[in-house]
>>> print(open('data_4.pdb').read())   # PDB, C-alpha atoms
ATOM      1  CA  MET M 705      92.111  47.547  14.443
ATOM      2  CA  ALA M 706      93.751  45.477  11.718
ATOM      3  CA  ILE M 707      97.530  45.560  11.595
ATOM      4  CA  SER M 708      99.057  45.603   8.128
ATOM      5  CA  LEU M 709     101.704  43.059   7.283
ATOM      6  CA  ASN M 710     104.124  45.858   6.555
ATOM      7  CA  ASP M 711     103.884  47.217  10.117
ATOM      8  CA  HIS M 712     107.449  47.261  11.411
ATOM      9  CA  ALA M 713     106.290  46.006  14.818
ATOM     10  CA  LEU M 714     105.921  42.523  13.348
ATOM     11  CA  GLY M 715     109.699  42.376  13.705
ATOM     12  CA  LYS M 716     109.203  42.401  17.480
ATOM     13  CA  THR M 717     107.036  39.320  17.140
ATOM     14  CA  GLY M 718     109.828  37.530  15.300
ATOM     15  CA  GLN M 719     112.325  38.557  17.972
ATOM     16  CA  PHE M 720     110.013  37.211  20.670
ATOM     17  CA  ILE M 721     109.667  33.822  18.939
ATOM     18  CA  ALA M 722     113.437  33.655  18.469
ATOM     19  CA  ALA M 723     113.879  34.381  22.180
ATOM     20  CA  CYS M 724     111.662  31.415  23.037
ATOM     21  CA  ARG M 725     113.698  29.209  20.704
ATOM     22  CA  THR M 726     116.821  30.458  22.446
ATOM     23  CA  VAL M 727     115.456  29.215  25.769
ATOM     24  CA  GLU M 728     115.071  25.752  24.213
ATOM     25  CA  PHE M 729     118.574  25.842  22.745
ATOM     26  CA  ASP M 730     120.031  26.742  26.137
ATOM     27  CA  LYS M 731     118.994  23.342  27.469
ATOM     28  CA  SER M 732     121.527  20.521  27.376
ATOM     29  CA  PRO M 733     121.881  18.804  23.984
ATOM     30  CA  GLU M 734     120.359  15.672  25.512
ATOM     31  CA  THR M 735     117.151  17.390  26.586
ATOM     32  CA  ARG M 736     116.446  20.028  23.924
ATOM     33  CA  LYS M 737     113.828  19.073  21.334
ATOM     34  CA  PHE M 738     115.518  20.876  18.448
ATOM     35  CA  SER M 739     118.743  22.777  17.993
ATOM     36  CA  ASP M 740     118.701  26.358  16.735
ATOM     37  CA  PRO M 741     122.097  27.956  17.454
ATOM     38  CA  TRP M 742     121.146  31.060  15.469
ATOM     39  CA  ALA M 743     118.021  31.910  17.495
ATOM     40  CA  ARG M 744     119.846  34.227  19.907
ATOM     41  CA  ASN M 745     121.142  36.354  17.019
ATOM     42  CA  PHE M 746     117.592  36.789  15.721
ATOM     43  CA  ALA M 747     116.195  37.499  19.195
ATOM     44  CA  THR M 748     118.728  40.159  20.248
ATOM     45  CA  GLU M 749     118.541  41.375  23.832
ATOM     46  CA  GLY M 750     115.342  43.229  22.989
ATOM     47  CA  GLY M 751     113.562  40.004  22.145
ATOM     48  CA  MET M 752     114.860  38.299  25.286
ATOM     49  CA  GLU M 753     113.603  41.176  27.435
ATOM     50  CA  LEU M 754     110.208  41.078  25.720
ATOM     51  CA  ALA M 755     109.922  37.338  26.436
ATOM     52  CA  ARG M 756     110.887  37.840  30.085
ATOM     53  CA  ARG M 757     108.319  40.610  30.521
ATOM     54  CA  VAL M 758     105.558  38.629  28.806
ATOM     55  CA  ALA M 759     106.236  35.638  31.047
ATOM     56  CA  GLU M 760     106.192  37.808  34.151
ATOM     57  CA  GLU M 761     102.965  39.615  33.270
ATOM     58  CA  SER M 762     101.316  36.302  32.303
ATOM     59  CA  SER M 763     102.307  34.675  35.624
ATOM     60  CA  MET M 764     104.338  32.055  33.801
ATOM     61  CA  SER M 765     107.955  31.009  33.965
ATOM     62  CA  LEU M 766     110.076  31.874  30.957
ATOM     63  CA  GLN M 767     110.468  28.137  30.357
ATOM     64  CA  ASP M 768     106.685  27.585  30.336
ATOM     65  CA  LEU M 769     106.315  30.415  27.840
ATOM     66  CA  ALA M 770     109.068  29.022  25.619
ATOM     67  CA  ASN M 771     107.455  25.572  25.762
ATOM     68  CA  ILE M 772     104.530  26.874  23.718
ATOM     69  CA  VAL M 773     106.876  27.817  20.874
ATOM     70  CA  THR M 774     108.760  24.521  21.269
ATOM     71  CA  ALA M 775     105.506  22.587  20.862
ATOM     72  CA  ARG M 776     104.625  24.466  17.676
ATOM     73  CA  THR M 777     108.144  24.064  16.315
ATOM     74  CA  CYS M 778     108.125  20.309  16.938
ATOM     75  CA  PHE M 779     104.722  19.965  15.299
ATOM     76  CA  LEU M 780     105.695  21.817  12.126
ATOM     77  CA  ASP M 781     109.104  20.109  11.952
ATOM     78  CA  ASP M 782     107.303  16.780  12.056
ATOM     79  CA  VAL M 783     104.835  17.749   9.333
ATOM     80  CA  VAL M 784     107.610  18.899   7.002
ATOM     81  CA  ASN M 785     109.770  15.854   7.743
ATOM     82  CA  ARG M 786     106.918  13.473   7.040
ATOM     83  CA  ALA M 787     105.985  15.300   3.843
ATOM     84  CA  VAL M 788     109.448  15.145   2.276
ATOM     85  CA  SER M 789     110.057  11.572   3.479
ATOM     86  CA  LYS M 790     107.053  10.023   1.726
ATOM     87  CA  GLU M 791     107.467   8.216  -1.572
ATOM     88  CA  THR M 792     103.878   8.784  -2.699
ATOM     89  CA  PRO M 793     103.479  11.566  -3.454
ATOM     90  CA  LYS M 794     107.129  12.505  -3.637
ATOM     91  CA  ILE M 795     107.172  16.057  -2.299
ATOM     92  CA  ARG M 796     110.330  17.946  -3.144
ATOM     93  CA  GLN M 797     109.146  21.547  -2.737
ATOM     94  CA  VAL M 798     108.945  23.254   0.664
ATOM     95  CA  VAL M 799     107.564  26.790   0.944
ATOM     96  CA  ILE M 800     108.106  28.792   4.139
ATOM     97  CA  ALA M 801     105.815  31.824   4.101
ATOM     98  CA  ALA M 802     106.908  34.802   6.244
ATOM     99  CA  VAL M 803     110.105  32.997   7.176
ATOM    100  CA  GLY M 804     111.301  35.573   9.730
ATOM    101  CA  GLY M 805     113.873  33.891  11.969
ATOM    102  CA  ASP M 806     112.935  30.352  10.929
ATOM    103  CA  ALA M 807     116.155  28.302  10.685
ATOM    104  CA  ARG M 808     114.599  25.162   9.184
ATOM    105  CA  PRO M 809     116.582  25.498   5.918
ATOM    106  CA  TYR M 810     119.765  25.310   8.020
ATOM    107  CA  ARG M 811     118.952  23.034  10.962
ATOM    108  CA  MET M 812     116.729  20.352   9.404
ATOM    109  CA  HIS M 813     118.054  17.479   7.314
ATOM    110  CA  PHE M 814     116.424  17.364   3.884
ATOM    111  CA  PRO M 815     116.786  14.828   1.060
ATOM    112  CA  ASP M 816     119.357  16.029  -1.463
ATOM    113  CA  ASP M 817     116.798  16.938  -4.132
ATOM    114  CA  VAL M 818     114.511  19.070  -1.940
ATOM    115  CA  VAL M 819     114.112  22.747  -2.844
ATOM    116  CA  VAL M 820     113.110  25.142  -0.058
ATOM    117  CA  PHE M 821     111.561  28.501  -0.943
ATOM    118  CA  GLU M 822     111.652  31.084   1.862
ATOM    119  CA  MET M 823     109.670  34.325   1.550
ATOM    120  CA  ASP M 824     109.547  37.544   3.557
ATOM    121  CA  PHE M 825     110.056  41.302   3.323
ATOM    122  CA  PRO M 826     113.291  42.487   1.682
ATOM    123  CA  ASP M 827     114.731  43.885   4.930
ATOM    124  CA  VAL M 828     113.979  40.616   6.730
ATOM    125  CA  MET M 829     115.647  38.568   4.011
ATOM    126  CA  LYS M 830     118.744  40.780   4.077
ATOM    127  CA  PHE M 831     118.925  40.456   7.866
ATOM    128  CA  ARG M 832     118.629  36.667   7.582
ATOM    129  CA  SER M 833     121.387  36.549   5.008
ATOM    130  CA  LYS M 834     123.745  38.536   7.235
ATOM    131  CA  ILE M 835     123.121  36.358  10.289
ATOM    132  CA  PHE M 836     123.715  33.080   8.500
ATOM    133  CA  THR M 837     126.633  34.430   6.471
ATOM    134  CA  ASP M 838     128.362  35.830   9.555
ATOM    135  CA  ALA M 839     127.897  32.451  11.251
ATOM    136  CA  HIS M 840     129.349  30.625   8.217
ATOM    137  CA  ALA M 841     126.138  28.590   8.129
ATOM    138  CA  ARG M 842     125.239  26.579   5.052
ATOM    139  CA  PRO M 843     121.679  25.524   4.135
ATOM    140  CA  THR M 844     120.903  21.817   4.152
ATOM    141  CA  CYS M 845     118.864  22.098   0.960
ATOM    142  CA  ASP M 846     118.636  23.915  -2.351
ATOM    143  CA  LEU M 847     117.500  27.203  -0.805
ATOM    144  CA  ARG M 848     115.739  29.914  -2.838
ATOM    145  CA  SER M 849     115.211  33.229  -0.997
ATOM    146  CA  ILE M 850     112.441  35.523  -2.233
ATOM    147  CA  GLU M 851     111.920  39.148  -1.188
ATOM    148  CA  VAL M 852     108.174  39.859  -1.226
ATOM    149  CA  ASP M 853     105.307  41.443   0.658
ATOM    150  CA  LEU M 854     102.825  38.606   1.089
ATOM    151  CA  SER M 855      99.952  41.032   1.648
ATOM    152  CA  LYS M 856     100.300  42.386  -1.886
ATOM    153  CA  ASP M 857      99.971  40.928  -5.365
ATOM    154  CA  GLY M 858     103.126  39.656  -7.018
ATOM    155  CA  TRP M 859     104.386  37.070  -4.560
ATOM    156  CA  VAL M 860     102.972  34.166  -6.592
ATOM    157  CA  GLU M 861     104.829  35.329  -9.695
ATOM    158  CA  ALA M 862     108.016  35.826  -7.674
ATOM    159  CA  LEU M 863     107.733  32.316  -6.245
ATOM    160  CA  GLU M 864     107.264  30.795  -9.681
ATOM    161  CA  ALA M 865     110.148  32.854 -11.070
ATOM    162  CA  ALA M 866     112.348  31.279  -8.360
ATOM    163  CA  GLY M 867     111.511  27.847  -9.733
ATOM    164  CA  PHE M 868     108.385  26.760  -7.882
ATOM    165  CA  LYS M 869     106.281  24.374  -9.979
ATOM    166  CA  SER M 870     102.559  24.399  -9.251
ATOM    167  CA  SER M 871     102.232  21.185 -11.280
ATOM    168  CA  GLU M 872     104.185  19.293  -8.609
ATOM    169  CA  PRO M 873     103.232  18.586  -4.963
ATOM    170  CA  SER M 874     104.508  20.847  -2.213
ATOM    171  CA  VAL M 875     104.436  21.409   1.543
ATOM    172  CA  TRP M 876     103.769  24.881   2.963
ATOM    173  CA  THR M 877     104.312  26.342   6.439
ATOM    174  CA  THR M 878     102.471  29.447   7.612
ATOM    175  CA  GLU M 879     103.878  29.553  11.138
ATOM    176  CA  GLY M 880     102.641  32.549  13.119
ATOM    177  CA  LEU M 881     101.284  34.265  10.009
ATOM    178  CA  LEU M 882      97.557  33.870   9.416
ATOM    179  CA  MET M 883      96.489  35.651  12.622
ATOM    180  CA  TYR M 884      98.278  38.805  11.451
ATOM    181  CA  LEU M 885      96.382  38.967   8.165
ATOM    182  CA  PRO M 886      93.052  40.818   8.224
ATOM    183  CA  ASP M 887      90.159  38.490   7.414
ATOM    184  CA  GLU M 888      89.839  39.238   3.709
ATOM    185  CA  GLU M 889      93.618  39.227   3.175
ATOM    186  CA  CYS M 890      93.816  35.888   4.973
ATOM    187  CA  LYS M 891      91.151  34.354   2.736
ATOM    188  CA  LYS M 892      92.877  35.671  -0.358
ATOM    189  CA  PHE M 893      96.258  34.375   0.779
ATOM    190  CA  VAL M 894      95.006  30.873   1.580
ATOM    191  CA  SER M 895      93.095  30.721  -1.710
ATOM    192  CA  GLN M 896      96.296  31.668  -3.568
ATOM    193  CA  ILE M 897      98.162  28.866  -1.803
ATOM    194  CA  ALA M 898      95.361  26.428  -2.651
ATOM    195  CA  ALA M 899      95.585  27.385  -6.322
ATOM    196  CA  LEU M 900      99.293  26.473  -6.288
ATOM    197  CA  CYS M 901      98.776  23.095  -4.608
ATOM    198  CA  THR M 902      98.301  19.811  -6.426
ATOM    199  CA  PRO M 903      96.223  17.101  -4.736
ATOM    200  CA  ASP M 904      98.085  15.622  -1.727
ATOM    201  CA  SER M 905     100.085  18.807  -1.198
ATOM    202  CA  VAL M 906     100.349  19.809   2.470
ATOM    203  CA  LEU M 907      99.609  23.075   4.287
ATOM    204  CA  CYS M 908     100.443  23.483   7.974
ATOM    205  CA  GLY M 909     100.435  26.295  10.491
ATOM    206  CA  ASP M 910      98.618  27.737  13.476
ATOM    207  CA  VAL M 911      95.671  30.031  14.163
ATOM    208  CA  ILE M 912      94.114  31.776  17.141
ATOM    209  CA  GLY M 913      90.503  31.649  18.306
ATOM    210  CA  GLN M 914      88.174  34.608  18.751
ATOM    211  CA  GLN M 915      88.313  34.430  22.542
ATOM    212  CA  VAL M 916      91.927  35.592  22.447
ATOM    213  CA  PHE M 917      90.528  39.100  22.061
ATOM    214  CA  ASN M 918      88.338  38.736  25.165
ATOM    215  CA  CYS M 919      90.474  36.568  27.452
ATOM    216  CA  ALA M 920      91.135  38.309  30.787
ATOM    217  CA  ALA M 921      94.060  35.975  31.436
ATOM    218  CA  LEU M 922      95.865  37.498  28.441
ATOM    219  CA  ALA M 923      95.478  41.114  29.574
ATOM    220  CA  GLY M 924      99.020  41.227  30.967
ATOM    221  CA  PHE M 925     100.398  39.649  27.819
ATOM    222  CA  ASN M 926      98.656  42.187  25.598
ATOM    223  CA  LYS M 927      99.813  45.126  27.721
ATOM    224  CA  VAL M 928     103.479  44.148  27.490
ATOM    225  CA  TRP M 929     103.065  43.386  23.796
ATOM    226  CA  THR M 930     101.761  46.861  23.007
ATOM    227  CA  ASP M 931     104.205  48.581  25.390
ATOM    228  CA  PHE M 932     107.038  47.097  23.340
ATOM    229  CA  GLY M 933     105.397  48.224  20.104
ATOM    230  CA  ALA M 934     104.686  44.687  18.902
ATOM    231  CA  ALA M 935     101.752  44.019  16.628
ATOM    232  CA  LEU M 936      98.631  42.393  18.048
ATOM    233  CA  ALA M 937      96.889  39.700  16.040
ATOM    234  CA  CYS M 938      93.948  40.981  14.034
ATOM    235  CA  SER M 939      92.013  37.916  12.830
ATOM    236  CA  ALA M 940      90.762  34.705  14.373
ATOM    237  CA  ILE M 941      89.649  31.292  13.117
ATOM    238  CA  ASP M 942      87.677  29.266  15.660
ATOM    239  CA  ASP M 943      87.182  26.240  13.402
ATOM    240  CA  PRO M 944      90.257  25.778  11.183
ATOM    241  CA  LYS M 945      88.982  22.504   9.761
ATOM    242  CA  ALA M 946      85.819  24.113   8.399
ATOM    243  CA  TYR M 947      87.758  27.205   7.327
ATOM    244  CA  LEU M 948      90.264  25.221   5.263
ATOM    245  CA  THR M 949      87.575  22.989   3.752
ATOM    246  CA  GLN M 950      86.306  25.938   1.711
ATOM    247  CA  PHE M 951      89.696  26.078  -0.013
ATOM    248  CA  GLY M 952      89.814  22.381  -0.828
ATOM    249  CA  PHE M 953      91.881  21.149   2.131
ATOM    250  CA  ASP M 954      91.122  18.303   4.530
ATOM    251  CA  ALA M 955      92.572  19.423   7.858
ATOM    252  CA  THR M 956      93.523  17.685  11.079
ATOM    253  CA  VAL M 957      93.500  20.115  14.012
ATOM    254  CA  LYS M 958      95.319  19.848  17.340
ATOM    255  CA  ILE M 959      95.771  22.016  20.421
ATOM    256  CA  TYR M 960      98.721  22.601  22.713
ATOM    257  CA  GLN M 961      98.082  19.718  25.075
ATOM    258  CA  ASP M 962      97.824  17.317  22.135
ATOM    259  CA  LEU M 963     101.338  18.321  21.117
ATOM    260  CA  VAL M 964     102.659  17.897  24.658
ATOM    261  CA  VAL M 965     101.572  14.254  24.548
ATOM    262  CA  GLU M 966     102.531  13.598  20.919
ATOM    263  CA  PHE M 967     106.081  14.872  21.272
ATOM    264  CA  ASP M 968     106.637  13.822  24.893
ATOM    265  CA  LEU M 969     107.427  17.360  25.887
ATOM    266  CA  GLY M 970     107.073  16.662  29.583
ATOM    267  CA  TYR M 971     105.220  19.776  30.686
ATOM    268  CA  SER M 972     101.532  20.172  31.303
ATOM    269  CA  SER M 973     100.706  23.823  31.832
ATOM    270  CA  ALA M 974     100.815  26.939  29.710
ATOM    271  CA  GLY M 975      98.386  29.149  31.568
ATOM    272  CA  PRO M 976      95.321  29.987  29.447
ATOM    273  CA  LEU M 977      96.677  27.991  26.499
ATOM    274  CA  THR M 978      96.002  24.632  28.143
ATOM    275  CA  ARG M 979      93.242  22.343  26.923
ATOM    276  CA  PRO M 980      89.792  23.875  27.526
ATOM    277  CA  LYS M 981      87.187  21.987  29.515
ATOM    278  CA  GLN M 982      85.992  18.816  27.851
ATOM    279  CA  GLU M 983      82.345  17.894  27.411
ATOM    280  CA  GLU M 984      82.365  15.585  30.431
ATOM    281  CA  GLU M 985      83.913  18.289  32.622
ATOM    282  CA  LYS M 986      81.549  21.160  31.934
ATOM    283  CA  LYS M 987      78.696  22.136  34.190
ATOM    284  CA  ASP M 988      75.069  21.952  33.064
ATOM    285  CA  GLY M 989      74.375  24.623  30.497
ATOM    286  CA  GLU M 990      78.038  25.613  30.204
ATOM    287  CA  GLU M 991      79.456  25.835  26.706
ATOM    288  CA  VAL M 992      82.940  24.535  25.956
ATOM    289  CA  PRO M 993      84.821  27.463  24.383
ATOM    290  CA  PRO M 994      87.105  26.896  21.412
ATOM    291  CA  PRO M 995      90.811  26.840  22.264
ATOM    292  CA  LEU M 996      92.816  30.050  22.237
ATOM    293  CA  ASN M 997      95.062  28.645  19.552
ATOM    294  CA  SER M 998      95.127  25.613  17.256
ATOM    295  CA  TYR M 999      97.639  23.854  15.015
ATOM    296  CA  PHE M1000      96.669  22.294  11.727
ATOM    297  CA  VAL M1001      97.990  20.050   8.989
ATOM    298  CA  ALA M1002      95.836  20.076   5.863
ATOM    299  CA  ILE M1003      95.959  17.908   2.740
ATOM    300  CA  LYS M1004      94.796  19.283  -0.606
ATOM    301  CA  VAL M1005      92.033  17.114  -2.032
TER     302      VAL M1005
END
>>> encode(input="data_4.pdb", output="structure tokens")
Amino acid sequence: MAISLNDHALGKTGQFIAACRTVEFDKSPETRKFSDPWARNFATEGGMELARRVAEESSMSLQDLANIVTARTCFLDDVVNRAVSKETPKIRQVVIAAVGGDARPYRMHFPDDVVVFEMDFPDVMKFRSKIFTDAHARPTCDLRSIEVDLSKDGWVEALEAAGFKSSEPSVWTTEGLLMYLPDEECKKFVSQIAALCTPDSVLCGDVIGQQVFNCAALAGFNKVWTDFGAALACSAIDDPKAYLTQFGFDATVKIYQDLVVEFDLGYSSAGPLTRPKQEEEKKDGEEVPPPLNSYFVAIKV
């Protein structure tokens, strides 16, 4: 059954992701891949307990579980950094859709003239403001916060009212979002983003494959997830490159193990999220299934 974006349980998902980022922050400064000192405040003890239970039921260590989020975080950090560092085109607009507990506007180093637009539900944005205000944190960019429901009409107008210019190039992150949008809502949302992107604008994020819904190895994960009242994903995209082509994007797609190598993360296993069998490894007549999840960076053409 499709889960609406306004389902409160999506907050549990954000707490879980923040808990995984907390695990990374708890490493020594020399070994952590990014520094998010605010993650624990977003996670709360509830998020930490959810992460511990998910790891246990998935027969993974908490560190292995957190590594999956670290890989995605490193990938998207790199995409955004590269986008705002290029001279041609000179991208000075960053849009973070469904920002949740994302601390990029505070922990990343942006050029002085970059504007970051962060969007999420009003209660989420108020919670974010309190956490960063209480911590005396200051954004590292010109930050524009927008209270919207991305599943409903009006967010485009709100974004433009905050100063976004569709006539100029931009980079967009949709981290952990598209899988929670029902199929038709997802198509509408991506098409709206495409309409706001000039050629050479960048869209990045992650998706899940259809086999997530049938994977026996994820049964424990799903049980804990629902026991805690967290929302299950409701849509899948097996071929993100083909999917994004219909909206005018040229996408490069990677999977978890690609990111492990690219960012020298130093770990090789994440249970069912590891690289699926390659063509040369499969038995006669055996099909190679699509990965459970994929990460993409797409350029508007």
>>> atom_distance(input="data_4.pdb", atom1="atom CA of Glu872 of chain M", atom2="atom CA of Arg796 of chain M")
8.3 Å
>>> atom_distance(input="data_4.pdb", atom1="atom CA of Asp943 of chain M", atom2="atom CA of Gln915 of chain M")
12.3 Å
>>> atom_distance(input="data_4.pdb", atom1="atom CA of Ala934 of chain M", atom2="atom CA of Met829 of chain M")
19.5 Å
>>> residues_near_point(input="data_4.pdb", point="(96.9, 29.2, 20.7)", cutoff="8 Å", atoms="only C-alpha atoms", output="PyMOL selection string")
chain M and resi 910-913+959-960+977+995-999
>>> resolve_selection(input="data_4.pdb", expression="the PyMOL selection byres ((chain M and resi 828) around 9)", output="PyMOL selection string")
chain M and resi 715+803-805+824-827+829-833+851
>>> write_last_selection(input="data_4.pdb", atoms="C-alpha atoms", output="mmCIF file, in the coordinates of the input")
data_model
loop_
_atom_site.group_PDB
_atom_site.id
_atom_site.type_symbol
_atom_site.label_atom_id
_atom_site.label_comp_id
_atom_site.auth_asym_id
_atom_site.auth_seq_id
_atom_site.Cartn_x
_atom_site.Cartn_y
_atom_site.Cartn_z
ATOM 1 C CA GLY M 715 109.699 42.376 13.705
ATOM 2 C CA VAL M 803 110.105 32.997 7.176
ATOM 3 C CA GLY M 804 111.301 35.573 9.730
ATOM 4 C CA GLY M 805 113.873 33.891 11.969
ATOM 5 C CA ASP M 824 109.547 37.544 3.557
ATOM 6 C CA PHE M 825 110.056 41.302 3.323
ATOM 7 C CA PRO M 826 113.291 42.487 1.682
ATOM 8 C CA ASP M 827 114.731 43.885 4.930
ATOM 9 C CA MET M 829 115.647 38.568 4.011
ATOM 10 C CA LYS M 830 118.744 40.780 4.077
ATOM 11 C CA PHE M 831 118.925 40.456 7.866
ATOM 12 C CA ARG M 832 118.629 36.667 7.582
ATOM 13 C CA SER M 833 121.387 36.549 5.008
ATOM 14 C CA GLU M 851 111.920 39.148 -1.188
#
>>> residues_near_point(input="data_4.pdb", point="(94.3, 23.2, 2.2)", cutoff="6 Å", atoms="all atoms listed in the file", output="ChimeraX atom specification")
/M:898,907,948,951-953,1002-1004
>>> closest_residue(input="data_4.pdb", among="M:Leu900, M:Cys919, M:Ala807, M:Ala775", to="Asp968 of chain M", atoms="all atoms listed in the file")
M:Ala775
>>> closest_residue(input="data_4.pdb", among="M:Ser939, M:Lys927, M:Asp904, M:Thr777", to="Thr792 of chain M", atoms="only C-alpha atoms")
M:Asp904
>>> closest_residue(input="data_4.pdb", among="M:Val820, M:Ala935, M:Val916, M:Val964", to="Lys716 of chain M", atoms="all atoms listed in the file")
M:Ala935
>>> closest_residue(input="data_4.pdb", among="M:Leu754, M:Leu963, M:Ala801, M:Val860", to="Thr717 of chain M", atoms="only C-alpha atoms")
M:Leu754
>>> residues_around(input="data_4.pdb", residues="Arg744 of chain M", least_positions_apart="6", cutoff="7 Å", atoms="all atoms listed in the file", output="ChimeraX atom specification")
/M:722-723,726
>>> closest_residue(input="data_4.pdb", among="M:Leu863, M:Ala946, M:Val818, M:Ile835", to="Lys794 of chain M", atoms="all atoms listed in the file")
M:Val818
>>> residues_around(input="data_4.pdb", residues="Asp730 of chain M", least_positions_apart="5", cutoff="12 Å", atoms="all atoms listed in the file", output="list of chain:residue names")
M:Ala723, M:Cys724, M:Arg725, M:Thr735, M:Arg736, M:Lys737, M:Phe738, M:Ser739, M:Asp740, M:Pro741, M:Trp742, M:Ala743, M:Arg744, M:Gln767, M:Ala770
>>> build_atoms(input="data_4.pdb", residues="segment 774-789 of chain M", atoms="N, CA, C and O atoms", output="short mmCIF file (atom, residue, chain, number, x, y, z; two decimals), in the coordinates of the input")
data_model
loop_
_atom_site.label_atom_id
_atom_site.label_comp_id
_atom_site.auth_asym_id
_atom_site.auth_seq_id
_atom_site.Cartn_x
_atom_site.Cartn_y
_atom_site.Cartn_z
N THR M 774 108.13 25.82 21.52
CA THR M 774 108.76 24.52 21.27
C THR M 774 107.74 23.53 20.73
O THR M 774 108.02 22.78 19.79
N ALA M 775 106.55 23.51 21.31
CA ALA M 775 105.51 22.59 20.86
C ALA M 775 105.15 22.85 19.40
O ALA M 775 105.05 21.93 18.59
N ARG M 776 104.96 24.12 19.06
CA ARG M 776 104.62 24.47 17.68
C ARG M 776 105.76 24.11 16.73
O ARG M 776 105.53 23.58 15.63
N THR M 777 106.98 24.38 17.15
CA THR M 777 108.14 24.06 16.32
C THR M 777 108.24 22.57 16.06
O THR M 777 108.45 22.14 14.91
N CYS M 778 108.07 21.76 17.10
CA CYS M 778 108.12 20.31 16.94
C CYS M 778 107.03 19.81 15.99
O CYS M 778 107.27 18.94 15.15
N PHE M 779 105.85 20.37 16.15
CA PHE M 779 104.72 19.96 15.30
C PHE M 779 105.01 20.24 13.83
O PHE M 779 104.86 19.36 12.96
N LEU M 780 105.45 21.45 13.52
CA LEU M 780 105.70 21.82 12.13
C LEU M 780 106.91 21.10 11.57
O LEU M 780 106.94 20.71 10.39
N ASP M 781 107.95 20.91 12.39
CA ASP M 781 109.10 20.11 11.95
C ASP M 781 108.65 18.72 11.52
O ASP M 781 109.08 18.19 10.49
N ASP M 782 107.78 18.13 12.33
CA ASP M 782 107.30 16.78 12.06
C ASP M 782 106.49 16.72 10.77
O ASP M 782 106.65 15.80 9.96
N VAL M 783 105.63 17.72 10.56
CA VAL M 783 104.84 17.75 9.33
C VAL M 783 105.74 17.83 8.10
O VAL M 783 105.56 17.09 7.12
N VAL M 784 106.71 18.73 8.15
CA VAL M 784 107.61 18.90 7.00
C VAL M 784 108.45 17.64 6.78
O VAL M 784 108.60 17.16 5.65
N ASN M 785 108.97 17.08 7.86
CA ASN M 785 109.77 15.85 7.74
C ASN M 785 108.97 14.73 7.12
O ASN M 785 109.47 14.00 6.23
N ARG M 786 107.76 14.54 7.58
CA ARG M 786 106.92 13.47 7.04
C ARG M 786 106.61 13.71 5.57
O ARG M 786 106.59 12.78 4.76
N ALA M 787 106.35 14.98 5.23
CA ALA M 787 105.98 15.30 3.84
C ALA M 787 107.11 14.98 2.87
O ALA M 787 106.89 14.39 1.80
N VAL M 788 108.33 15.36 3.22
CA VAL M 788 109.45 15.14 2.28
C VAL M 788 110.02 13.74 2.37
O VAL M 788 110.87 13.37 1.56
N SER M 789 109.56 12.94 3.33
CA SER M 789 110.06 11.57 3.48
C SER M 789 109.18 10.55 2.76
O SER M 789 109.59 9.41 2.56
#
